[in-house]
$ cat protein-v9.csv   # CSV, C-alpha atoms and all ligand atoms
chain,number,residue,atom,x,y,z
A,1304,MET,CA,2.9,-2.8,67.7
A,1305,ALA,CA,0.9,-0.4,65.6
A,1306,GLN,CA,1.7,-0.3,62.0
A,1307,ILE,CA,1.1,2.3,59.3
A,1308,VAL,CA,-0.1,0.3,56.3
A,1309,GLY,CA,-0.5,3.3,54.0
A,1310,ALA,CA,-2.0,6.6,53.3
A,1311,ILE,CA,-4.7,8.3,51.2
A,1312,ALA,CA,-4.6,11.8,50.1
A,1313,THR,CA,-7.8,13.4,48.8
A,1314,SER,CA,-9.4,16.7,48.1
A,1315,HIS,CA,-12.0,17.7,50.7
A,1316,ILE,CA,-14.1,20.4,48.9
A,1317,PRO,CA,-17.5,21.0,50.6
A,1318,ALA,CA,-19.3,20.6,47.2
A,1319,ILE,CA,-18.2,16.9,47.3
A,1320,GLY,CA,-20.1,16.5,50.5
A,1321,LYS,CA,-23.1,18.1,48.9
A,1322,ALA,CA,-22.8,15.9,45.8
A,1323,ILE,CA,-22.7,12.8,48.1
A,1324,ALA,CA,-25.8,14.0,50.0
A,1325,GLU,CA,-27.6,14.4,46.7
A,1326,ASN,CA,-26.4,11.1,45.2
A,1327,LYS,CA,-24.7,12.9,42.2
A,1328,GLN,CA,-21.8,10.4,41.9
A,1329,ASN,CA,-22.9,9.5,38.3
A,1330,ASP,CA,-23.7,13.0,37.2
A,1331,PRO,CA,-21.5,13.9,34.2
A,1332,TYR,CA,-19.8,16.7,36.1
A,1333,TRP,CA,-19.0,14.5,39.1
A,1334,LYS,CA,-18.4,11.1,37.5
A,1335,PRO,CA,-14.7,11.6,36.5
A,1336,PHE,CA,-14.0,12.6,40.1
A,1337,PHE,CA,-15.9,9.9,42.0
A,1338,ASP,CA,-14.6,7.2,39.6
A,1339,GLY,CA,-11.2,7.9,41.0
A,1340,TYR,CA,-12.3,6.4,44.4
A,1341,GLY,CA,-13.0,2.9,43.3
A,1342,PRO,CA,-9.4,1.7,43.5
A,1343,ALA,CA,-9.0,3.6,46.8
A,1344,LEU,CA,-12.0,1.8,48.3
A,1345,SER,CA,-10.7,-1.6,47.1
A,1346,TRP,CA,-7.2,-0.9,48.6
A,1347,LEU,CA,-8.8,0.4,51.9
A,1348,LYS,CA,-10.9,-2.8,52.1
A,1349,GLN,CA,-7.8,-5.0,52.0
A,1350,ALA,CA,-5.8,-2.6,54.2
A,1351,ARG,CA,-8.4,-3.2,57.0
A,1352,PRO,CA,-7.5,-0.1,59.1
A,1353,ASP,CA,-8.5,0.2,62.7
A,1354,VAL,CA,-7.5,3.8,62.9
A,1355,VAL,CA,-7.4,6.8,60.6
A,1356,VAL,CA,-5.0,9.6,61.5
A,1357,MET,CA,-6.5,12.5,59.7
A,1358,ILE,CA,-4.2,15.3,58.7
A,1359,TYR,CA,-6.4,18.2,57.6
A,1360,ASN,CA,-7.1,21.9,58.2
A,1361,ASP,CA,-10.0,23.6,59.9
A,1362,HIS,CA,-11.7,26.3,57.9
A,1363,GLY,CA,-13.4,28.3,60.7
A,1364,LEU,CA,-15.5,25.8,62.5
A,1365,ASN,CA,-13.4,24.7,65.5
A,1366,PHE,CA,-10.7,27.4,65.4
A,1367,PHE,CA,-11.1,31.1,65.0
A,1368,LEU,CA,-8.6,33.9,64.7
A,1369,ASP,CA,-8.8,34.4,68.5
A,1370,LYS,CA,-6.7,31.2,69.1
A,1371,MET,CA,-5.0,29.7,66.1
A,1372,PRO,CA,-2.8,26.7,66.8
A,1373,THR,CA,-0.2,25.9,64.2
A,1374,PHE,CA,-0.5,22.2,64.9
A,1375,ALA,CA,-3.4,20.8,66.9
A,1376,VAL,CA,-4.0,17.1,67.9
A,1377,GLY,CA,-7.4,15.8,69.0
A,1378,ALA,CA,-7.5,13.8,72.2
A,1379,ALA,CA,-11.2,13.1,72.6
A,1380,ALA,CA,-13.5,10.1,72.7
A,1381,GLN,CA,-15.4,11.5,69.7
A,1382,TYR,CA,-15.4,14.4,67.3
A,1383,ARG,CA,-18.5,16.3,66.3
A,1384,SER,CA,-19.6,17.1,62.7
A,1385,GLU,CA,-21.4,20.5,62.9
A,1386,ASP,CA,-23.2,23.0,60.8
A,1387,GLU,CA,-20.7,25.1,58.9
A,1388,GLY,CA,-23.2,27.7,57.8
A,1389,TRP,CA,-24.0,26.6,54.2
A,1390,GLY,CA,-26.2,23.6,54.4
A,1391,LEU,CA,-23.8,20.6,54.3
A,1392,PRO,CA,-25.5,17.8,56.2
A,1393,VAL,CA,-24.2,17.1,59.7
A,1394,LEU,CA,-22.8,13.6,59.9
A,1395,ASN,CA,-22.6,11.3,62.9
A,1396,SER,CA,-19.8,11.9,65.3
A,1397,PHE,CA,-16.5,10.3,64.5
A,1398,PRO,CA,-15.1,8.0,67.2
A,1399,GLY,CA,-11.8,8.9,68.7
A,1400,ASP,CA,-9.0,6.8,70.3
A,1401,ALA,CA,-8.0,9.0,73.2
A,1402,ALA,CA,-5.2,6.6,74.4
A,1403,LEU,CA,-3.5,6.6,71.0
A,1404,SER,CA,-4.0,10.4,70.8
A,1405,TRP,CA,-2.2,11.0,74.1
A,1406,HIS,CA,0.5,8.6,73.0
A,1407,ILE,CA,1.1,10.7,69.9
A,1408,ILE,CA,0.9,13.9,71.8
A,1409,GLU,CA,3.5,12.7,74.4
A,1410,HIS,CA,5.8,11.7,71.6
A,1411,LEU,CA,5.4,14.8,69.5
A,1412,VAL,CA,6.1,17.1,72.5
A,1413,ALA,CA,9.1,14.9,73.5
A,1414,ASP,CA,10.2,15.3,69.8
A,1415,GLU,CA,10.0,19.2,70.3
A,1416,PHE,CA,6.7,19.7,68.5
A,1417,ASP,CA,4.8,21.9,70.9
A,1418,ILE,CA,1.4,21.1,69.6
A,1419,THR,CA,-2.0,22.1,71.1
A,1420,SER,CA,-4.1,19.2,72.5
A,1421,CYS,CA,-7.8,19.3,72.1
A,1422,GLN,CA,-10.3,17.3,74.2
A,1423,ASP,CA,-13.2,19.1,72.7
A,1424,MET,CA,-13.2,19.4,68.9
A,1425,ALA,CA,-15.7,19.9,66.1
A,1426,VAL,CA,-14.3,18.7,62.7
A,1427,ASP,CA,-15.4,20.4,59.5
A,1428,HIS,CA,-15.5,19.4,55.8
A,1429,GLY,CA,-11.7,19.0,55.8
A,1430,PHE,CA,-12.1,15.9,58.0
A,1431,ALA,CA,-15.7,14.9,57.3
A,1432,VAL,CA,-15.7,14.9,53.4
A,1433,PRO,CA,-12.8,12.4,53.2
A,1434,MET,CA,-14.5,10.2,55.8
A,1435,ASN,CA,-17.7,10.3,53.7
A,1436,LEU,CA,-15.8,9.7,50.5
A,1437,LEU,CA,-13.7,6.7,51.7
A,1438,PHE,CA,-16.3,5.0,54.0
A,1439,PRO,CA,-19.3,5.5,51.7
A,1440,ASN,CA,-21.2,2.6,53.2
A,1441,ALA,CA,-20.7,3.4,56.8
A,1442,GLY,CA,-24.3,4.5,57.2
A,1443,GLY,CA,-23.3,6.7,60.1
A,1444,LYS,CA,-21.4,3.9,61.9
A,1445,TRP,CA,-17.8,4.7,61.1
A,1446,PRO,CA,-15.7,1.5,60.9
A,1447,VAL,CA,-12.5,3.1,62.3
A,1448,THR,CA,-11.4,5.3,65.2
A,1449,THR,CA,-9.8,8.6,64.3
A,1450,VAL,CA,-7.1,10.9,65.5
A,1451,PRO,CA,-7.4,14.5,64.0
A,1452,VAL,CA,-4.3,16.5,63.4
A,1453,SER,CA,-5.2,20.0,62.3
A,1454,ILE,CA,-2.6,22.3,60.6
A,1455,ASN,CA,-3.1,26.0,60.3
A,1456,THR,CA,-3.5,26.9,56.6
A,1457,VAL,CA,-5.7,29.9,57.4
A,1458,GLN,CA,-3.6,32.7,59.0
A,1459,HIS,CA,0.0,33.3,58.0
A,1460,PRO,CA,2.7,32.6,59.1
A,1461,LEU,CA,1.9,29.0,58.2
A,1462,PRO,CA,4.3,26.2,59.1
A,1463,THR,CA,6.9,25.6,56.3
A,1464,PRO,CA,6.8,22.5,54.1
A,1465,LEU,CA,10.0,21.3,55.8
A,1466,ARG,CA,8.4,21.7,59.3
A,1467,CYS,CA,5.3,19.7,58.1
A,1468,TRP,CA,7.5,17.0,56.7
A,1469,LYS,CA,9.3,16.7,60.0
A,1470,LEU,CA,6.0,16.7,61.9
A,1471,GLY,CA,4.9,13.8,59.7
A,1472,ARG,CA,8.1,11.9,60.5
A,1473,ALA,CA,7.5,12.4,64.2
A,1474,ILE,CA,3.9,11.3,63.8
A,1475,GLY,CA,5.1,8.2,62.0
A,1476,ARG,CA,7.6,7.4,64.7
A,1477,ALA,CA,5.0,8.0,67.4
A,1478,ILE,CA,2.5,5.6,65.8
A,1479,GLU,CA,5.0,2.9,65.2
A,1480,SER,CA,6.1,3.0,68.9
A,1481,TYR,CA,2.5,2.4,70.1
A,1482,PRO,CA,2.4,-1.0,71.8
A,1483,LYS,CA,-1.1,-2.1,70.6
A,1484,ASP,CA,-1.5,-4.1,67.4
A,1485,LEU,CA,-3.4,-1.5,65.3
A,1486,ARG,CA,-3.5,-1.0,61.6
A,1487,VAL,CA,-3.3,2.7,60.8
A,1488,VAL,CA,-3.9,4.6,57.6
A,1489,VAL,CA,-2.9,8.2,57.4
A,1490,PHE,CA,-5.2,10.6,55.5
A,1491,GLY,CA,-3.9,13.9,54.1
A,1492,THR,CA,-6.7,16.1,52.9
A,1493,GLY,CA,-7.3,19.3,50.8
A,1494,GLY,CA,-5.9,20.8,47.6
A,1495,LEU,CA,-4.7,20.5,45.0
A,1496,SER,CA,-4.3,23.9,43.4
A,1497,HIS,CA,-7.0,26.5,44.0
A,1498,GLN,CA,-7.7,30.1,45.0
A,1499,LEU,CA,-11.0,31.4,46.2
A,1500,ASP,CA,-10.1,35.0,47.0
A,1501,GLY,CA,-8.7,38.1,45.2
A,1502,THR,CA,-8.7,39.0,41.5
A,1503,ARG,CA,-6.7,35.8,40.8
A,1504,ALA,CA,-9.7,33.7,42.1
A,1505,GLY,CA,-10.1,30.6,40.0
A,1506,PHE,CA,-6.4,30.1,39.6
A,1507,ILE,CA,-5.6,26.4,38.9
A,1508,ASN,CA,-2.0,25.1,38.0
A,1509,LYS,CA,-2.1,21.7,36.4
A,1510,LYS,CA,1.6,21.6,35.7
A,1511,PHE,CA,2.5,22.3,39.4
A,1512,ASP,CA,-0.1,19.8,40.6
A,1513,LEU,CA,1.3,17.0,38.4
A,1514,TYR,CA,4.8,17.8,39.6
A,1515,CYS,CA,3.5,17.5,43.2
A,1516,LEU,CA,1.7,14.3,42.5
A,1517,ASP,CA,4.9,12.7,41.0
A,1518,THR,CA,7.3,14.1,43.5
A,1519,ILE,CA,5.4,13.3,46.7
A,1520,VAL,CA,5.6,9.6,45.8
A,1521,ARG,CA,9.3,9.2,44.7
A,1522,ASP,CA,11.2,12.2,46.1
A,1523,PRO,CA,9.1,13.8,48.8
A,1524,GLU,CA,12.0,15.6,50.4
A,1525,ALA,CA,12.3,17.7,47.3
A,1526,LEU,CA,9.0,19.3,48.3
A,1527,THR,CA,10.5,20.5,51.6
A,1528,LYS,CA,12.7,23.0,49.6
A,1529,LEU,CA,9.5,24.9,48.7
A,1530,SER,CA,8.6,27.9,50.8
A,1531,VAL,CA,5.0,28.7,51.9
A,1532,ILE,CA,5.1,31.7,49.4
A,1533,ASP,CA,6.2,29.3,46.6
A,1534,LEU,CA,3.0,27.2,47.5
A,1535,VAL,CA,0.8,30.4,47.4
A,1536,ARG,CA,2.3,31.4,44.1
A,1537,GLU,CA,2.2,28.0,42.4
A,1538,ALA,CA,-0.8,26.3,44.0
A,1539,GLY,CA,-3.0,29.3,44.9
A,1540,ALA,CA,-3.8,31.0,48.1
A,1541,GLN,CA,-5.8,28.0,49.4
A,1542,GLY,CA,-3.6,25.4,47.5
A,1543,VAL,CA,-1.3,25.7,50.6
A,1544,GLU,CA,-3.5,22.9,51.9
A,1545,PHE,CA,-0.8,20.7,50.2
A,1546,LEU,CA,1.0,21.1,53.6
A,1547,ASN,CA,-1.4,18.4,54.8
A,1548,TRP,CA,-0.3,16.1,52.1
A,1549,ILE,CA,3.4,16.7,52.8
A,1550,THR,CA,2.8,15.9,56.5
A,1551,MET,CA,0.9,12.7,55.6
A,1552,ARG,CA,3.8,11.6,53.3
A,1553,GLY,CA,6.3,12.3,56.1
A,1554,ALA,CA,4.5,9.8,58.3
A,1555,LEU,CA,5.3,7.0,56.0
A,1556,LEU,CA,8.6,5.7,57.2
A,1557,GLY,CA,8.9,2.5,55.2
A,1558,ASN,CA,9.1,1.7,51.5
A,1559,VAL,CA,6.4,3.6,49.8
A,1560,SER,CA,4.7,2.7,46.5
A,1561,GLN,CA,1.8,4.3,44.7
A,1562,ILE,CA,-1.3,2.1,44.4
A,1563,HIS,CA,-3.5,4.6,42.6
A,1564,ARG,CA,-3.9,8.2,41.6
A,1565,ASN,CA,-6.6,10.3,40.0
A,1566,TYR,CA,-6.5,14.0,39.0
A,1567,HIS,CA,-9.5,15.9,37.6
A,1568,ILE,CA,-10.2,19.6,36.9
A,1569,PRO,CA,-12.4,21.2,37.9
A,1570,ILE,CA,-14.3,20.2,41.0
A,1571,SER,CA,-15.9,23.4,42.3
A,1572,ASN,CA,-13.0,25.9,42.0
A,1573,THR,CA,-10.3,23.3,42.5
A,1574,ALA,CA,-8.2,20.6,40.9
A,1575,GLY,CA,-9.5,17.5,42.6
A,1576,ALA,CA,-7.0,14.7,43.4
A,1577,THR,CA,-6.7,11.3,45.0
A,1578,LEU,CA,-3.5,9.4,45.8
A,1579,VAL,CA,-3.2,6.0,47.5
A,1580,LEU,CA,0.2,5.0,48.9
A,1581,GLU,CA,1.2,1.7,50.5
A,1582,ASN,CA,3.8,1.7,53.2
A,1583,ARG,CA,5.9,-1.5,53.7
A,1584,THR,CA,8.5,-2.1,56.3
A,1585,ALA,CA,11.9,-3.4,55.1
A,1586,ALA,CA,10.9,-6.9,56.3
A,1587,GLN,CA,7.6,-6.8,54.4
A,1588,SER,CA,9.3,-5.6,51.3
A,1589,GLN,CA,11.7,-8.5,51.4
A,1590,ALA,CA,9.0,-11.1,52.0
A,1591,ALA,CA,7.1,-9.7,49.0
B,1221,MET,CA,-0.5,41.9,52.8
B,1222,GLN,CA,-0.4,42.0,49.0
B,1223,HIS,CA,2.7,39.9,48.3
B,1224,HIS,CA,4.7,41.8,45.7
B,1225,ASP,CA,5.2,39.1,43.1
B,1226,ILE,CA,1.9,37.3,43.2
B,1227,PRO,CA,-0.8,39.4,41.5
B,1228,GLY,CA,-4.3,39.4,42.8
B,1229,THR,CA,-3.5,37.4,45.8
B,1230,ILE,CA,-3.7,38.0,49.5
B,1231,VAL,CA,-1.3,36.5,51.9
B,1232,TYR,CA,-3.6,36.5,54.9
B,1233,ASP,CA,-1.2,37.5,57.7
B,1234,GLY,CA,-1.3,39.1,61.2
B,1235,ALA,CA,-1.9,42.6,59.9
B,1236,GLU,CA,-4.9,41.3,57.9
B,1237,ALA,CA,-6.2,39.2,60.8
B,1238,GLN,CA,-6.0,42.2,63.1
B,1239,LYS,CA,-7.7,44.5,60.7
B,1240,GLY,CA,-10.5,42.1,59.9
B,1241,TYR,CA,-11.1,40.7,63.4
B,1242,ALA,CA,-14.6,42.1,64.0
B,1243,LEU,CA,-15.8,41.3,60.5
B,1244,ASN,CA,-14.5,37.7,60.7
B,1245,ALA,CA,-15.9,37.2,64.2
B,1246,MET,CA,-19.3,38.1,62.9
B,1247,CYS,CA,-19.0,35.7,60.0
B,1248,TYR,CA,-17.7,33.0,62.2
B,1249,SER,CA,-20.8,33.3,64.3
B,1250,PHE,CA,-22.8,32.3,61.2
B,1251,ASN,CA,-21.9,28.7,61.9
B,1252,ALA,CA,-25.0,28.7,64.1
B,1253,ALA,CA,-28.4,28.9,62.5
B,1254,ALA,CA,-29.8,31.1,65.2
B,1255,ASN,CA,-27.1,33.7,64.5
B,1256,ARG,CA,-27.8,33.6,60.8
B,1257,GLU,CA,-31.5,34.2,61.5
B,1258,GLU,CA,-30.7,37.1,63.9
B,1259,PHE,CA,-28.5,38.7,61.2
B,1260,LYS,CA,-31.2,38.4,58.6
B,1261,ARG,CA,-33.8,40.0,61.0
B,1262,ASP,CA,-31.7,43.1,61.4
B,1263,GLU,CA,-28.3,43.3,59.6
B,1264,ASP,CA,-27.4,46.6,60.9
B,1265,ALA,CA,-28.0,45.8,64.5
B,1266,TYR,CA,-26.0,42.6,64.1
B,1267,CYS,CA,-23.0,44.5,62.6
B,1268,THR,CA,-23.2,46.8,65.6
B,1269,LYS,CA,-23.2,43.9,68.0
B,1270,TYR,CA,-19.9,42.7,66.5
B,1271,GLY,CA,-18.4,46.2,66.3
B,1272,LEU,CA,-17.8,46.3,62.6
B,1273,ASN,CA,-16.2,49.6,61.3
B,1274,ASP,CA,-17.8,51.7,58.6
B,1275,GLU,CA,-15.7,50.1,55.8
B,1276,GLN,CA,-16.7,46.6,56.9
B,1277,ARG,CA,-20.4,47.6,57.3
B,1278,ALA,CA,-20.5,49.1,53.8
B,1279,ALA,CA,-18.8,46.0,52.3
B,1280,ILE,CA,-21.4,43.8,54.0
B,1281,ARG,CA,-24.3,46.0,52.9
B,1282,GLU,CA,-23.0,46.0,49.3
B,1283,ARG,CA,-22.2,42.2,49.3
B,1284,ASN,CA,-18.9,43.2,47.7
B,1285,VAL,CA,-16.3,40.4,48.1
B,1286,LEU,CA,-13.2,42.5,47.1
B,1287,LYS,CA,-14.3,45.2,49.6
B,1288,LEU,CA,-14.9,42.6,52.3
B,1289,LEU,CA,-11.3,41.3,51.6
B,1290,ALA,CA,-9.9,44.8,51.6
B,1291,ALA,CA,-11.6,45.3,55.0
B,1292,GLY,CA,-9.6,42.3,56.4
B,1293,GLY,CA,-12.2,39.6,55.7
B,1294,ASN,CA,-10.8,36.1,55.4
B,1295,VAL,CA,-12.3,34.0,52.7
B,1296,TYR,CA,-13.1,31.0,54.9
B,1297,TYR,CA,-15.2,33.1,57.3
B,1298,LEU,CA,-16.7,35.2,54.4
B,1299,ALA,CA,-17.8,31.9,52.9
B,1300,LYS,CA,-20.3,31.6,55.8
B,1301,PHE,CA,-21.7,35.1,54.9
B,1302,ALA,CA,-21.9,33.9,51.3
B,1303,GLY,CA,-23.9,30.9,52.6
B,1304,ILE,CA,-26.6,33.2,54.0
B,1305,LEU,CA,-26.8,34.8,50.6
B,1306,ASN,CA,-26.9,31.4,48.8
B,1307,LEU,CA,-23.8,32.2,46.9
B,1308,ASN,CA,-21.3,29.5,46.1
B,1309,VAL,CA,-17.6,29.8,45.4
B,1310,GLN,CA,-18.1,30.1,41.6
B,1311,ASP,CA,-20.5,33.1,42.3
B,1312,LEU,CA,-17.8,34.7,44.5
B,1313,GLY,CA,-15.1,34.0,41.9
B,1314,ALA,CA,-17.2,35.5,39.1
B,1315,GLN,CA,-17.9,38.7,41.2
B,1316,GLN,CA,-14.2,39.1,42.1
B,1317,THR,CA,-12.9,38.6,38.5
B,1318,GLY,CA,-15.7,40.7,36.9
B,1319,MET,CA,-16.8,37.7,34.8
B,1320,SER,CA,-20.2,36.1,34.4
B,1321,VAL,CA,-20.6,32.9,36.4
B,1322,GLU,CA,-20.7,30.9,33.2
B,1323,ALA,CA,-17.5,32.5,32.0
B,1324,PHE,CA,-15.8,31.8,35.3
B,1325,LYS,CA,-16.9,28.1,35.2
B,1326,GLU,CA,-15.5,27.9,31.7
B,1327,LYS,CA,-12.2,29.4,32.9
B,1328,LEU,CA,-12.0,26.7,35.6
B,1329,ALA,CA,-12.7,23.9,33.1
B,1330,ALA,CA,-10.2,25.4,30.6
B,1331,ALA,CA,-7.4,25.0,33.3
B,1332,GLY,CA,-7.8,21.2,32.9
B,1333,ARG,CA,-7.2,21.2,29.1
C,1601,FE,FE,-10.0,23.3,52.2

$ encode --input "protein-v9.csv" --output "structure tokens" --more "lines below"
Ligand SMILES: [Fe+2]
Amino acid sequence: MAQIVGAIATSHIPAIGKAIAENKQNDPYWKPFFDGYGPALSWLKQARPDVVVMIYNDHGLNFFLDKMPTFAVGAAAQYRSEDEGWGLPVLNSFPGDAALSWHIIEHLVADEFDITSCQDMAVDHGFAVPMNLLFPNAGGKWPVTTVPVSINTVQHPLPTPLRCWKLGRAIGRAIESYPKDLRVVVFGTGGLSHQLDGTRAGFINKKFDLYCLDTIVRDPEALTKLSVIDLVREAGAQGVEFLNWITMRGALLGNVSQIHRNYHIPISNTAGATLVLENRTAAQSQAA
Amino acid sequence: MQHHDIPGTIVYDGAEAQKGYALNAMCYSFNAAANREEFKRDEDAYCTKYGLNDEQRAAIRERNVLKLLAAGGNVYYLAKFAGILNLNVQDLGAQQTGMSVEAFKEKLAAAGR
């Protein structure tokens, strides 16, 4: 059976992709951020994932306001990286696993999540930057297949934190019922606090971010009591991307422990963060 | 919609999305290099092609972020317009808050202390 071995949450700011393209990892501005990835890379190496289920949001590459799915799941053999309009390098396409995608889609709809399935999908920095950060030596040959799950964080009404948590639970159950022996890592991308627009642009809330980082590990259901407006107020208009993190955490059905975390202000207009979580079944926890 | 208890913050909802549709559709087209070039060749003609209203056209002409937002622009699509102008999100933040770019960057760094 497929097994979710853990999860990684990470910021996905476009400037990170640019810094990688320009090899600025040791630049004084970037070093405190990139140094946070060493332990994540070591963990990922021993986790040996076959598949990454990528929970992210599109920012106006694949989806426009003409059709805006609340939840969309990719079901393609590959996902294109494309020009987003501001010079971020286009990466090699990301391989999909259409059979696993359709399995997840079947289970989600049976579980009353009426998602949109996408057989043709371009993925933007919300997907590509985390892949680039966490598989830095891929050289264009990605070592995992991927299943994109895109959550609307662009046009309100957005799904509630509680709904995202439940979606995560359903994704977790779907993956764990897949008959192939696959090792799966869930990525949740975006955040943490930031606001790009309005006269409150530049808003960052360290106190709230640290609360989120603590709570998502030990008491994630407490986060489901927040409303979307609470997130806008406390995390900023674009800090609502934390919904991707909540969904990711929901997918971890076992005993969860924190392997690593890093938090650094600022990266671009944002509080940059990384969190690595291990997910063990009850049997594994007993053996260990 | 300006949410009553969150100052300086737009909750980008259906009313905004309806108002800003043409402006955002134009900015969304800037994902493609050919469209960016076409815009640069004749901005006015390109705005006409996408059916921008007078308020939206003026905001584009003035490169005024707060006016673009007031005209229904969504920041994720507007970012693609900013890309044509070689402006990053610190430049946009500085313009919206009336600060110098240096002061805006210092405000961001100060949030970490
Ligand atoms: Fe984002």

$ atom_distance --input "protein-v9.csv" --atom1 "atom CA of B:Leu1305" --atom2 "atom CA of B:Leu1288"
14.3 Å

$ residues_around --input "protein-v9.csv" --residues "A:Met1424" --least-positions-apart "3" --cutoff "7 Å" --atoms "only C-alpha atoms" --output "ChimeraX atom specification"
/A:1365,1377,1382-1383,1421

$ closest_atom_pairs --input "protein-v9.csv" --of "chain B" --to "chain A" --cutoff "8 Å" --atoms "all atoms listed in the file" --output "tab-separated table"
residue	atom	partner	partner_atom	distance
B:Ile1226	CA	A:Arg1536	CA	6.0
B:Pro1227	CA	A:Arg1503	CA	6.9
B:Gly1228	CA	A:Thr1502	CA	4.6
B:Thr1229	CA	A:Gly1501	CA	5.3
B:Ile1230	CA	A:Gly1501	CA	6.6
B:Val1231	CA	A:His1459	CA	7.0
B:Tyr1232	CA	A:Gln1458	CA	5.6
B:Asp1233	CA	A:His1459	CA	4.4
B:Gly1234	CA	A:His1459	CA	6.8
B:Ala1237	CA	A:Leu1368	CA	7.0
B:Tyr1241	CA	A:Leu1368	CA	7.4
B:Ala1245	CA	A:Phe1367	CA	7.8
B:Tyr1248	CA	A:Gly1363	CA	6.5
B:Phe1250	CA	A:Gly1388	CA	5.7
B:Asn1251	CA	A:Gly1388	CA	4.4
B:Ala1252	CA	A:Gly1388	CA	6.6
B:Ala1253	CA	A:Gly1388	CA	7.1
B:Leu1286	CA	A:Gly1501	CA	6.6
B:Leu1289	CA	A:Gly1501	CA	7.6
B:Val1295	CA	A:Asp1500	CA	6.2
B:Tyr1296	CA	A:His1362	CA	5.7
B:Tyr1297	CA	A:Gly1363	CA	6.2
B:Lys1300	CA	A:Gly1388	CA	5.3
B:Gly1303	CA	A:Trp1389	CA	4.6
B:Ile1304	CA	A:Trp1389	CA	7.1
B:Asn1306	CA	A:Trp1389	CA	7.8
B:Val1309	CA	A:Leu1499	CA	6.8
B:Gln1310	CA	A:Asn1572	CA	6.6
B:Leu1312	CA	A:Leu1499	CA	7.7
B:Gly1313	CA	A:Ala1504	CA	5.4
B:Gln1316	CA	A:Thr1502	CA	5.5
B:Thr1317	CA	A:Thr1502	CA	5.2
B:Phe1324	CA	A:Gly1505	CA	7.5
B:Lys1327	CA	A:Gly1505	CA	7.5
B:Leu1328	CA	A:Pro1569	CA	6.0
B:Ala1329	CA	A:Pro1569	CA	5.5
B:Ala1331	CA	A:Ile1507	CA	6.0
B:Gly1332	CA	A:Ile1568	CA	4.9

$ atom_distance --input "protein-v9.csv" --atom1 "atom CA of A:Ala1473" --atom2 "atom CA of A:Gly1553"
8.2 Å

$ residues_near_ligand --input "protein-v9.csv" --ligand "ligand FE 1601 (chain C)" --cutoff "7 Å" --atoms "only C-alpha atoms and all ligand atoms" --output "PDB file with C-alpha atoms, keeping the file's coordinate frame"
ATOM      1  CA  HIS A1315     -12.000  17.700  50.700  1.00  0.00           C
ATOM      2  CA  ILE A1316     -14.100  20.400  48.900  1.00  0.00           C
ATOM      3  CA  ASN A1360      -7.100  21.900  58.200  1.00  0.00           C
ATOM      4  CA  HIS A1362     -11.700  26.300  57.900  1.00  0.00           C
ATOM      5  CA  GLY A1429     -11.700  19.000  55.800  1.00  0.00           C
ATOM      6  CA  GLY A1493      -7.300  19.300  50.800  1.00  0.00           C
ATOM      7  CA  GLY A1494      -5.900  20.800  47.600  1.00  0.00           C
ATOM      8  CA  GLN A1541      -5.800  28.000  49.400  1.00  0.00           C
ATOM      9  CA  GLU A1544      -3.500  22.900  51.900  1.00  0.00           C
TER      10      GLU A1544
END
